[in-house]
$ cat start-v2.txt   # compact mmCIF, C-alpha atoms
# COMPACT_ATOMS: atom_id res chain seq x y z
CA MET H 12 -28.23 -26.02 43.53
CA ASN H 13 -30.14 -29.22 44.19
CA ALA H 14 -30.07 -31.41 47.29
CA PHE H 15 -31.76 -34.61 48.39
CA TRP H 16 -32.65 -32.80 51.58
CA ALA H 17 -34.28 -29.59 50.40
CA GLY H 18 -34.03 -27.83 53.74
CA GLY H 19 -37.43 -28.39 55.30
CA SER H 20 -37.77 -29.32 58.95
CA ALA H 21 -36.77 -32.92 59.64
CA GLN H 22 -36.71 -34.78 62.95
CA VAL H 23 -34.00 -37.26 63.89
CA GLY H 24 -34.48 -39.72 66.78
CA PRO H 25 -35.07 -40.52 69.53
CA VAL H 26 -33.94 -44.14 69.54
CA SER H 27 -34.04 -46.92 72.10
CA GLN H 28 -31.05 -47.86 74.20
CA PRO H 29 -28.55 -49.78 72.06
CA TYR H 30 -26.85 -52.96 73.10
CA GLN H 31 -24.66 -52.56 76.22
CA ASP H 32 -25.62 -48.88 76.55
CA GLY H 33 -23.51 -47.80 73.54
CA GLN H 34 -23.89 -44.76 71.33
CA THR H 35 -26.16 -44.24 68.35
CA TYR H 36 -25.83 -41.54 65.68
CA ASN H 37 -28.30 -40.81 62.87
CA THR H 38 -27.30 -39.17 59.58
CA ILE H 39 -29.04 -36.85 57.14
CA ALA H 40 -27.34 -36.56 53.73
CA ALA H 41 -27.70 -34.18 50.80
CA LYS H 42 -26.20 -34.22 47.30
CA LEU H 43 -25.04 -30.86 45.94
CA GLN H 44 -24.90 -30.13 42.22
CA ALA H 45 -24.59 -26.91 40.22
CA PRO H 46 -24.06 -26.07 36.52
CA ARG H 47 -20.44 -25.37 35.61
CA PRO H 48 -19.44 -22.22 33.68
CA ASP H 49 -17.47 -22.29 30.44
CA CYS H 50 -14.29 -21.37 32.27
CA ASP H 51 -12.95 -21.83 35.81
CA ASP H 52 -9.70 -22.73 37.50
CA GLY H 53 -10.89 -26.25 38.27
CA THR H 54 -12.22 -25.49 41.75
CA ALA H 55 -15.43 -24.26 43.37
CA THR H 56 -16.19 -22.92 46.85
CA VAL H 57 -19.28 -24.33 48.56
CA THR H 58 -20.89 -23.14 51.79
CA VAL H 59 -23.67 -25.04 53.57
CA ARG H 60 -25.67 -23.86 56.59
CA SER H 61 -28.16 -25.76 58.69
CA THR H 62 -29.71 -25.33 62.14
CA VAL H 63 -30.12 -28.05 64.76
CA HIS H 64 -32.38 -27.96 67.80
CA LEU H 65 -32.14 -30.53 70.59
CA LEU H 66 -35.65 -31.64 71.50
CA GLY H 67 -34.67 -34.03 74.32
CA PRO H 68 -35.79 -35.73 76.43
CA ASN H 69 -32.11 -35.97 77.40
CA ALA H 70 -29.33 -33.45 77.04
CA GLY H 71 -26.33 -34.02 74.81
CA PHE H 72 -23.50 -36.11 76.14
CA GLY H 73 -20.03 -34.97 75.14
CA GLN H 74 -19.77 -34.47 71.38
CA ASN H 75 -23.41 -34.35 70.24
CA GLY H 76 -22.86 -34.28 66.48
CA PHE H 77 -21.20 -32.68 63.51
CA ALA H 78 -21.66 -31.71 59.87
CA LYS H 79 -19.27 -32.63 57.03
CA LEU H 80 -19.00 -31.31 53.50
CA GLY H 81 -16.95 -32.73 50.63
CA THR H 82 -16.60 -35.59 48.18
CA ASP H 83 -15.40 -38.26 50.62
CA PHE H 84 -16.90 -38.75 54.08
CA ASP H 85 -13.67 -39.88 55.73
CA THR H 86 -11.61 -36.88 54.58
CA ALA H 87 -14.28 -34.17 54.37
CA PRO H 88 -13.84 -31.25 56.80
CA GLY H 89 -16.66 -30.50 59.17
CA THR H 90 -18.19 -28.37 61.92
CA ASN H 91 -19.01 -29.74 65.38
CA THR H 92 -22.03 -29.00 67.51
CA THR H 93 -21.57 -27.51 70.98
CA PRO H 94 -20.59 -30.28 73.43
CA ASP H 95 -23.13 -31.29 76.10
CA MET H 96 -25.89 -29.27 74.44
CA PRO H 97 -28.84 -28.76 76.83
CA VAL H 98 -32.40 -29.70 75.95
CA GLY H 99 -33.83 -26.83 73.93
CA GLY H 100 -30.39 -25.78 72.69
CA THR H 101 -30.12 -24.47 69.12
CA GLN H 102 -27.07 -24.05 66.91
CA THR H 103 -26.48 -23.06 63.30
CA LEU H 104 -23.70 -25.03 61.65
CA GLU H 105 -21.81 -23.49 58.73
CA THR H 106 -19.20 -25.31 56.69
CA THR H 107 -17.22 -23.94 53.75
CA VAL H 108 -14.93 -26.04 51.58
CA GLU H 109 -13.17 -25.85 48.23
CA VAL H 110 -14.06 -28.80 45.99
CA PRO H 111 -13.12 -29.87 42.45
CA ALA H 112 -15.33 -28.04 39.96
CA ALA H 113 -15.97 -31.26 38.05
CA ASP H 114 -17.32 -32.95 41.19
CA LEU H 115 -19.76 -30.14 41.93
CA ALA H 116 -21.00 -30.21 38.34
CA ALA H 117 -21.43 -33.99 38.45
CA GLY H 118 -23.24 -34.06 41.81
CA ASN H 119 -20.39 -35.77 43.67
CA VAL H 120 -20.30 -33.23 46.53
CA LYS H 121 -22.15 -34.39 49.65
CA TYR H 122 -23.29 -32.85 52.91
CA TRP H 123 -23.68 -35.05 55.95
CA MET H 124 -25.26 -34.10 59.27
CA ILE H 125 -24.54 -36.66 61.99
CA LEU H 126 -26.48 -36.28 65.25
CA GLU H 127 -26.29 -38.26 68.47
CA THR H 128 -29.62 -39.96 69.18
CA TYR H 129 -28.48 -42.08 72.12
CA HIS H 130 -25.63 -41.57 74.54
CA GLY H 131 -26.43 -41.63 78.20
CA GLY H 132 -30.08 -41.43 77.23
CA SER H 133 -32.20 -41.08 74.13
CA LYS H 134 -32.68 -37.75 72.42
CA ALA H 135 -34.31 -36.25 69.35
CA TRP H 136 -33.26 -33.38 67.11
CA ASP H 137 -35.05 -31.05 64.76
CA THR H 138 -33.10 -29.84 61.73
CA SER H 139 -34.07 -26.85 59.61
CA GLY H 140 -32.74 -23.86 57.69
CA PHE H 141 -30.70 -25.83 55.19
CA SER H 142 -29.07 -23.57 52.58
CA ALA H 143 -26.22 -24.10 50.15
CA THR H 144 -24.34 -21.54 48.07
CA TYR H 145 -21.52 -22.05 45.58
CA THR H 146 -19.04 -20.07 43.55
CA TYR H 147 -16.96 -21.48 40.74
CA ASN H 148 -13.56 -19.86 40.96
CA THR H 149 -13.05 -17.95 37.70
CA SER H 150 -10.19 -15.62 38.65
CA THR H 151 -7.96 -17.26 36.02
CA CYS H 152 -10.47 -16.67 33.20
CA ALA H 153 -10.25 -13.57 31.02
CA ASP H 154 -12.43 -13.08 27.95
CA LEU H 155 -10.29 -10.97 25.65
CA GLY H 156 -11.91 -9.44 22.59
CA VAL H 157 -10.64 -7.28 19.74
CA THR H 158 -12.31 -4.74 17.46
CA LYS H 159 -10.69 -3.19 14.39
CA SER H 160 -11.88 -0.13 12.50
CA THR H 161 -10.53 2.70 10.38
CA GLU H 162 -9.86 5.95 12.22
CA PRO H 163 -11.50 8.16 11.10
CA SER H 164 -14.14 5.78 9.74
CA VAL H 165 -13.88 5.38 5.96
CA ASP H 166 -15.23 2.79 3.53
CA GLU H 167 -13.34 3.97 0.43
CA VAL H 168 -9.99 5.61 -0.27
CA GLN H 169 -7.93 6.50 -3.33
CA GLN H 170 -4.76 4.61 -4.10
CA GLY H 171 -1.82 6.33 -2.46
CA GLU H 172 -3.86 7.61 0.50
CA ARG H 173 -2.92 6.83 4.09
CA ILE H 174 -5.26 4.65 6.15
CA SER H 175 -5.28 4.57 9.95
CA TYR H 176 -6.53 1.46 11.77
CA ALA H 177 -7.58 1.53 15.43
CA ILE H 178 -7.25 -1.91 17.04
CA VAL H 179 -8.86 -2.12 20.49
CA VAL H 180 -8.20 -5.05 22.82
CA THR H 181 -10.71 -5.34 25.71
CA ASN H 182 -10.80 -7.64 28.71
CA HIS H 183 -14.44 -8.62 29.24
CA GLY H 184 -13.59 -10.51 32.45
CA PRO H 185 -14.48 -12.09 34.72
CA GLY H 186 -10.82 -12.25 35.82
CA ASP H 187 -7.89 -9.98 35.13
CA SER H 188 -5.56 -10.52 32.19
CA THR H 189 -1.84 -10.65 32.91
CA GLY H 190 -0.94 -9.98 29.28
CA HIS H 191 -1.92 -10.48 25.65
CA THR H 192 -0.58 -10.65 22.11
CA MET H 193 -2.27 -8.94 19.20
CA THR H 194 -1.29 -10.01 15.67
CA ASP H 195 -2.25 -8.15 12.50
CA PRO H 196 -1.07 -9.69 9.21
CA VAL H 197 -0.59 -7.01 6.54
CA PRO H 198 -2.82 -7.86 3.56
CA ALA H 199 -2.00 -7.29 -0.10
CA GLY H 200 -3.02 -3.77 -1.00
CA LEU H 201 -1.25 -2.05 1.89
CA VAL H 202 2.33 -0.71 1.89
CA ASP H 203 4.51 1.54 4.04
CA VAL H 204 3.08 0.21 7.30
CA GLU H 205 3.87 2.12 10.51
CA VAL H 206 3.33 0.60 13.96
CA PRO H 207 3.42 1.91 17.56
CA ASP H 208 6.67 1.86 19.49
CA ASP H 209 5.64 -1.19 21.53
CA CYS H 210 4.75 -3.20 18.42
CA SER H 211 6.87 -4.78 15.72
CA LEU H 212 6.57 -5.56 12.01
CA ALA H 213 8.27 -8.70 10.78
CA GLY H 214 7.49 -11.11 7.98
CA GLY H 215 4.48 -9.05 6.98
CA VAL H 216 2.84 -9.36 10.43
CA VAL H 217 2.29 -6.61 12.98
CA THR H 218 2.72 -7.97 16.53
CA CYS H 219 1.88 -6.05 19.70
CA SER H 220 2.47 -7.42 23.20
CA GLY H 221 0.30 -5.84 25.85
CA GLY H 222 0.60 -5.84 29.63
CA PRO H 223 -2.01 -6.46 32.34
CA LEU H 224 -5.64 -5.53 31.75
CA ALA H 225 -8.11 -5.60 34.61
CA ALA H 226 -11.63 -6.75 33.83
CA GLY H 227 -13.32 -3.98 31.86
CA GLU H 228 -10.09 -2.29 30.73
CA SER H 229 -8.99 -1.77 27.10
CA ARG H 230 -5.83 -1.05 25.14
CA THR H 231 -5.78 0.67 21.73
CA TYR H 232 -3.14 0.20 19.02
CA LEU H 233 -2.96 2.58 16.05
CA VAL H 234 -1.47 1.14 12.85
CA THR H 235 -1.19 3.19 9.64
CA ALA H 236 -0.49 2.17 6.04
CA THR H 237 -0.69 3.45 2.48
CA ALA H 238 -3.21 2.10 -0.01
CA ALA H 239 -1.12 0.49 -2.77
CA ASP H 240 -1.66 1.13 -6.48
CA VAL H 241 -4.57 -0.75 -7.98
CA PRO H 242 -3.46 -3.26 -10.64
CA ALA H 243 -3.71 -2.09 -14.24
CA GLY H 244 -7.03 -2.86 -15.85
CA THR H 245 -8.86 -2.69 -12.51
CA ASP H 246 -10.86 0.25 -11.21
CA ALA H 247 -10.92 -0.80 -7.53
CA VAL H 248 -9.85 -3.51 -5.09
CA THR H 249 -11.14 -4.54 -1.65
CA VAL H 250 -8.62 -4.73 1.19
CA THR H 251 -9.62 -6.82 4.22
CA ASN H 252 -7.38 -6.26 7.22
CA THR H 253 -7.88 -8.72 10.14
CA ALA H 254 -6.49 -8.57 13.68
CA GLN H 255 -6.44 -11.35 16.28
CA VAL H 256 -5.80 -11.38 20.04
CA SER H 257 -4.78 -14.11 22.48
CA GLY H 258 -4.11 -13.93 26.22
CA ASN H 259 -2.18 -15.70 28.94
CA GLU H 260 -5.34 -16.85 30.73
CA THR H 261 -8.05 -19.26 29.61
CA ASP H 262 -10.49 -17.44 27.32
CA PRO H 263 -14.12 -18.55 27.80
CA ASP H 264 -15.25 -16.97 24.52
CA THR H 265 -12.96 -17.07 21.49
CA ALA H 266 -15.66 -15.88 19.08
CA ASN H 267 -14.64 -12.24 19.71
CA ASN H 268 -10.89 -12.81 19.29
CA THR H 269 -10.77 -11.64 15.66
CA SER H 270 -12.03 -8.53 13.92
CA ALA H 271 -11.65 -7.15 10.39
CA ALA H 272 -11.84 -3.73 8.74
CA ILE H 273 -12.74 -3.64 5.03
CA VAL H 274 -11.78 -0.74 2.74
CA THR H 275 -12.27 -0.29 -1.01
CA VAL H 276 -9.27 1.27 -2.80
CA ASN H 277 -10.21 3.17 -5.97
CA VAL H 278 -8.26 4.54 -8.90
CA PRO H 279 -8.68 8.34 -9.17
CA MET H 280 -10.65 9.57 -12.17
CA ILE H 281 -10.23 12.88 -14.05
CA ALA H 282 -12.49 15.02 -16.25
CA GLY H 283 -16.18 14.37 -16.66
CA GLY H 284 -18.28 12.17 -18.86
CA VAL H 285 -18.82 12.91 -22.52
CA GLY H 286 -20.75 16.14 -22.51
CA ALA H 287 -21.37 19.33 -24.29
CA ALA H 288 -18.76 20.70 -26.65
CA LEU H 289 -16.82 23.73 -25.50
CA ALA H 290 -15.77 26.44 -27.86
CA LEU H 291 -12.05 27.04 -27.66
CA GLY H 292 -10.60 29.38 -30.25
CA GLY H 293 -13.32 28.31 -32.65
CA VAL H 294 -12.49 24.61 -32.18
CA ALA H 295 -14.97 22.21 -30.56
CA VAL H 296 -13.37 20.33 -27.65
CA TRP H 297 -15.06 17.31 -26.03
CA LEU H 298 -14.31 16.38 -22.39
CA VAL H 299 -13.66 12.67 -22.06
CA ARG H 300 -13.64 10.75 -18.75
CA ARG H 301 -10.77 8.32 -18.57
CA ARG H 302 -8.96 6.19 -16.00
CA VAL H 303 -5.61 7.47 -14.80
CA ALA H 304 -3.20 4.93 -13.47
CA ALA H 305 -0.57 6.22 -11.13

$ encode --input "start-v2.txt" --output "structure tokens"
Amino acid sequence: MNAFWAGGSAQVGPVSQPYQDGQTYNTIAAKLQAPRPDCDDGTATVTVRSTVHLLGPNAGFGQNGFAKLGTDFDTAPGTNTTPDMPVGGTQTLETTVEVPAADLAAGNVKYWMILETYHGGSKAWDTSGFSATYTYNTSTCADLGVTKSTEPSVDEVQQGERISYAIVVTNHGPGDSTGHTMTDPVPAGLVDVEVPDDCSLAGGVVTCSGGPLAAGESRTYLVTATAADVPAGTDAVTVTNTAQVSGNETDPDTANNTSAAIVTVNVPMIAGGVGAALALGGVAVWLVRRRVAA
């Protein structure tokens, strides 16, 4: 976080008596700016602390000063110094406000310290200990991700075999997820699909609606299917099965919202390659490898 006033010791006043013995206040200002994350709820919480020390020669008179934090001086909330502060008095002022996230990112948030330098006598102040902290509010952001794999892990199957797919939805945070939807279109090459009780299959798409997931929690869906027959004239086909997840909250990273499992479906083969002749009742028999279509 950057500020015009970086927090070193700075002296304000004293000043000479104003016209008709009025009041004089001096102001120190700082601009606050911080990088914005990919996702937030549109607000940020900012806290600023600073210490004031009345050097004198005169004591404070009534309201000695105050600090304000916000985007507009007239409406910004603030913290007052102790009234009638004695010479040598010290006070740490702390102000916390919620500001628009866009304003903090753009440097539109300001901190003002206004100190009385003449009222019933001149006075000087020393300011020090400036610090500013911020938090972008990300409670409404949930990075949902999905991974899909075969269970157990297989790269190849024979036509007619069952394949089990484990689809894991994970909330990577930072906020909690109130719910999600996982969709899994059934690709060509899979038949007889079975889905969990809390999922549905309609129009060739598996849809699962999940409940709340706290940051770091996961939910697993198990979908099974049969590898369909490979078309005639083909020895094998590749089946790519892709799942996708979306949530109710803003997702700061959509790159992990899809995942695919790839399986090769083969046609079973019988016998061996052309090999040695076998004697069978005095007749030579050759073993021939050939494709068998189901």

$ atom_distance --input "start-v2.txt" --atom1 "atom CA of H:Ala236" --atom2 "atom CA of H:Pro279"
18.3 Å

$ atom_distance --input "start-v2.txt" --atom1 "atom CA of H:Thr194" --atom2 "atom CA of H:Arg230"
13.8 Å

$ residues_around --input "start-v2.txt" --residues "H:Glu127" --least-positions-apart "5" --cutoff "8 Å" --atoms "only C-alpha atoms" --output "VMD selection string"
chain H and resid 34 to 37 71 75 to 76 134

$ atom_distance --input "start-v2.txt" --atom1 "atom CA of H:Ala243" --atom2 "atom CA of H:Ala271"
26.4 Å

$ residues_around --input "start-v2.txt" --residues "H:Gly73" --least-positions-apart "5" --cutoff "12 Å" --atoms "all atoms listed in the file" --output "list in words"
Gln34, Asn91, Thr92, Thr93, Pro94, Asp95, Met96, Pro97, Leu126, Glu127, Tyr129, His130 and Gly131 of chain H

$ axis_aligned_box --input "start-v2.txt" --around "stretch 241-257 of chain H" --padding-each-side "3 Å" --output "JSON"
{"center_x": -7.3, "center_y": -6.9, "center_z": 3.3, "size_x": 13.7, "size_y": 20.4, "size_z": 44.3}

$ residues_around --input "start-v2.txt" --residues "stretch 152-159 of chain H" --least-positions-apart "2" --cutoff "6 Å" --atoms "all atoms listed in the file" --output "PyMOL selection string"
chain H and resi 149-150+177-188+260-264+267-272

$ residues_around --input "start-v2.txt" --residues "H:Gly99" --least-positions-apart "4" --cutoff "9 Å" --atoms "all atoms listed in the file" --output "count of residues only"
5

$ closest_residue --input "start-v2.txt" --among "H:Ala266, H:Met193, H:Val120, H:Ala238" --to "H:Asp209" --atoms "all atoms listed in the file"
H:Met193

$ closest_residue --input "start-v2.txt" --among "H:Thr231, H:Asn252, H:Gln169, H:Asn259" --to "H:Val278" --atoms "only C-alpha atoms"
H:Gln169

$ closest_residue --input "start-v2.txt" --among "H:Pro163, H:Thr151, H:Gly214, H:Gly200" --to "H:Ala226" --atoms "only C-alpha atoms"
H:Thr151

$ closest_residue --input "start-v2.txt" --among "H:Thr144, H:Gln74, H:Thr128, H:Thr86" --to "H:Gly24" --atoms "only C-alpha atoms"
H:Thr128

$ closest_residue --input "start-v2.txt" --among "H:Ser133, H:Ser211, H:Thr235, H:Thr146" --to "H:Glu109" --atoms "all atoms listed in the file"
H:Thr146

$ build_atoms --input "start-v2.txt" --residues "stretch 126-144 of chain H" --atoms "N, CA and C atoms" --output "PDB file, in the frame of the given file"
ATOM      1  N   LEU H 126     -25.982 -36.727  63.949  1.00  0.00           N
ATOM      2  CA  LEU H 126     -26.480 -36.280  65.250  1.00  0.00           C
ATOM      3  C   LEU H 126     -26.620 -37.458  66.205  1.00  0.00           C
ATOM      4  N   GLU H 127     -26.227 -37.234  67.422  1.00  0.00           N
ATOM      5  CA  GLU H 127     -26.290 -38.260  68.470  1.00  0.00           C
ATOM      6  C   GLU H 127     -27.747 -38.451  68.912  1.00  0.00           C
ATOM      7  N   THR H 128     -28.233 -39.672  68.767  1.00  0.00           N
ATOM      8  CA  THR H 128     -29.620 -39.960  69.180  1.00  0.00           C
ATOM      9  C   THR H 128     -29.686 -40.860  70.404  1.00  0.00           C
ATOM     10  N   TYR H 129     -28.539 -41.414  70.815  1.00  0.00           N
ATOM     11  CA  TYR H 129     -28.480 -42.080  72.120  1.00  0.00           C
ATOM     12  C   TYR H 129     -27.042 -42.079  72.627  1.00  0.00           C
ATOM     13  N   HIS H 130     -26.889 -41.516  73.811  1.00  0.00           N
ATOM     14  CA  HIS H 130     -25.630 -41.570  74.540  1.00  0.00           C
ATOM     15  C   HIS H 130     -25.938 -41.078  75.952  1.00  0.00           C
ATOM     16  N   GLY H 131     -26.013 -41.990  76.858  1.00  0.00           N
ATOM     17  CA  GLY H 131     -26.430 -41.630  78.200  1.00  0.00           C
ATOM     18  C   GLY H 131     -27.910 -41.310  78.280  1.00  0.00           C
ATOM     19  N   GLY H 132     -28.648 -41.690  77.295  1.00  0.00           N
ATOM     20  CA  GLY H 132     -30.080 -41.430  77.230  1.00  0.00           C
ATOM     21  C   GLY H 132     -30.482 -41.083  75.813  1.00  0.00           C
ATOM     22  N   SER H 133     -31.734 -41.362  75.489  1.00  0.00           N
ATOM     23  CA  SER H 133     -32.200 -41.080  74.130  1.00  0.00           C
ATOM     24  C   SER H 133     -32.487 -39.604  73.959  1.00  0.00           C
ATOM     25  N   LYS H 134     -32.428 -39.165  72.720  1.00  0.00           N
ATOM     26  CA  LYS H 134     -32.680 -37.750  72.420  1.00  0.00           C
ATOM     27  C   LYS H 134     -33.114 -37.615  70.970  1.00  0.00           C
ATOM     28  N   ALA H 135     -33.844 -36.552  70.700  1.00  0.00           N
ATOM     29  CA  ALA H 135     -34.310 -36.250  69.350  1.00  0.00           C
ATOM     30  C   ALA H 135     -33.869 -34.854  68.970  1.00  0.00           C
ATOM     31  N   TRP H 136     -33.701 -34.661  67.648  1.00  0.00           N
ATOM     32  CA  TRP H 136     -33.260 -33.380  67.110  1.00  0.00           C
ATOM     33  C   TRP H 136     -34.230 -32.933  66.017  1.00  0.00           C
ATOM     34  N   ASP H 137     -34.344 -31.635  65.907  1.00  0.00           N
ATOM     35  CA  ASP H 137     -35.050 -31.050  64.760  1.00  0.00           C
ATOM     36  C   ASP H 137     -34.019 -30.296  63.929  1.00  0.00           C
ATOM     37  N   THR H 138     -34.022 -30.532  62.633  1.00  0.00           N
ATOM     38  CA  THR H 138     -33.100 -29.840  61.730  1.00  0.00           C
ATOM     39  C   THR H 138     -33.885 -28.953  60.776  1.00  0.00           C
ATOM     40  N   SER H 139     -33.364 -27.787  60.493  1.00  0.00           N
ATOM     41  CA  SER H 139     -34.070 -26.850  59.610  1.00  0.00           C
ATOM     42  C   SER H 139     -33.071 -25.850  59.049  1.00  0.00           C
ATOM     43  N   GLY H 140     -33.566 -24.960  58.189  1.00  0.00           N
ATOM     44  CA  GLY H 140     -32.740 -23.860  57.690  1.00  0.00           C
ATOM     45  C   GLY H 140     -31.602 -24.276  56.790  1.00  0.00           C
ATOM     46  N   PHE H 141     -31.774 -25.393  56.087  1.00  0.00           N
ATOM     47  CA  PHE H 141     -30.700 -25.830  55.190  1.00  0.00           C
ATOM     48  C   PHE H 141     -30.570 -24.860  54.018  1.00  0.00           C
ATOM     49  N   SER H 142     -29.339 -24.403  53.758  1.00  0.00           N
ATOM     50  CA  SER H 142     -29.070 -23.570  52.580  1.00  0.00           C
ATOM     51  C   SER H 142     -27.680 -23.896  52.058  1.00  0.00           C
ATOM     52  N   ALA H 143     -27.518 -23.806  50.775  1.00  0.00           N
ATOM     53  CA  ALA H 143     -26.220 -24.100  50.150  1.00  0.00           C
ATOM     54  C   ALA H 143     -25.951 -23.059  49.072  1.00  0.00           C
ATOM     55  N   THR H 144     -24.765 -22.500  49.089  1.00  0.00           N
ATOM     56  CA  THR H 144     -24.340 -21.540  48.070  1.00  0.00           C
ATOM     57  C   THR H 144     -23.022 -22.023  47.473  1.00  0.00           C
TER      58      THR H 144
END
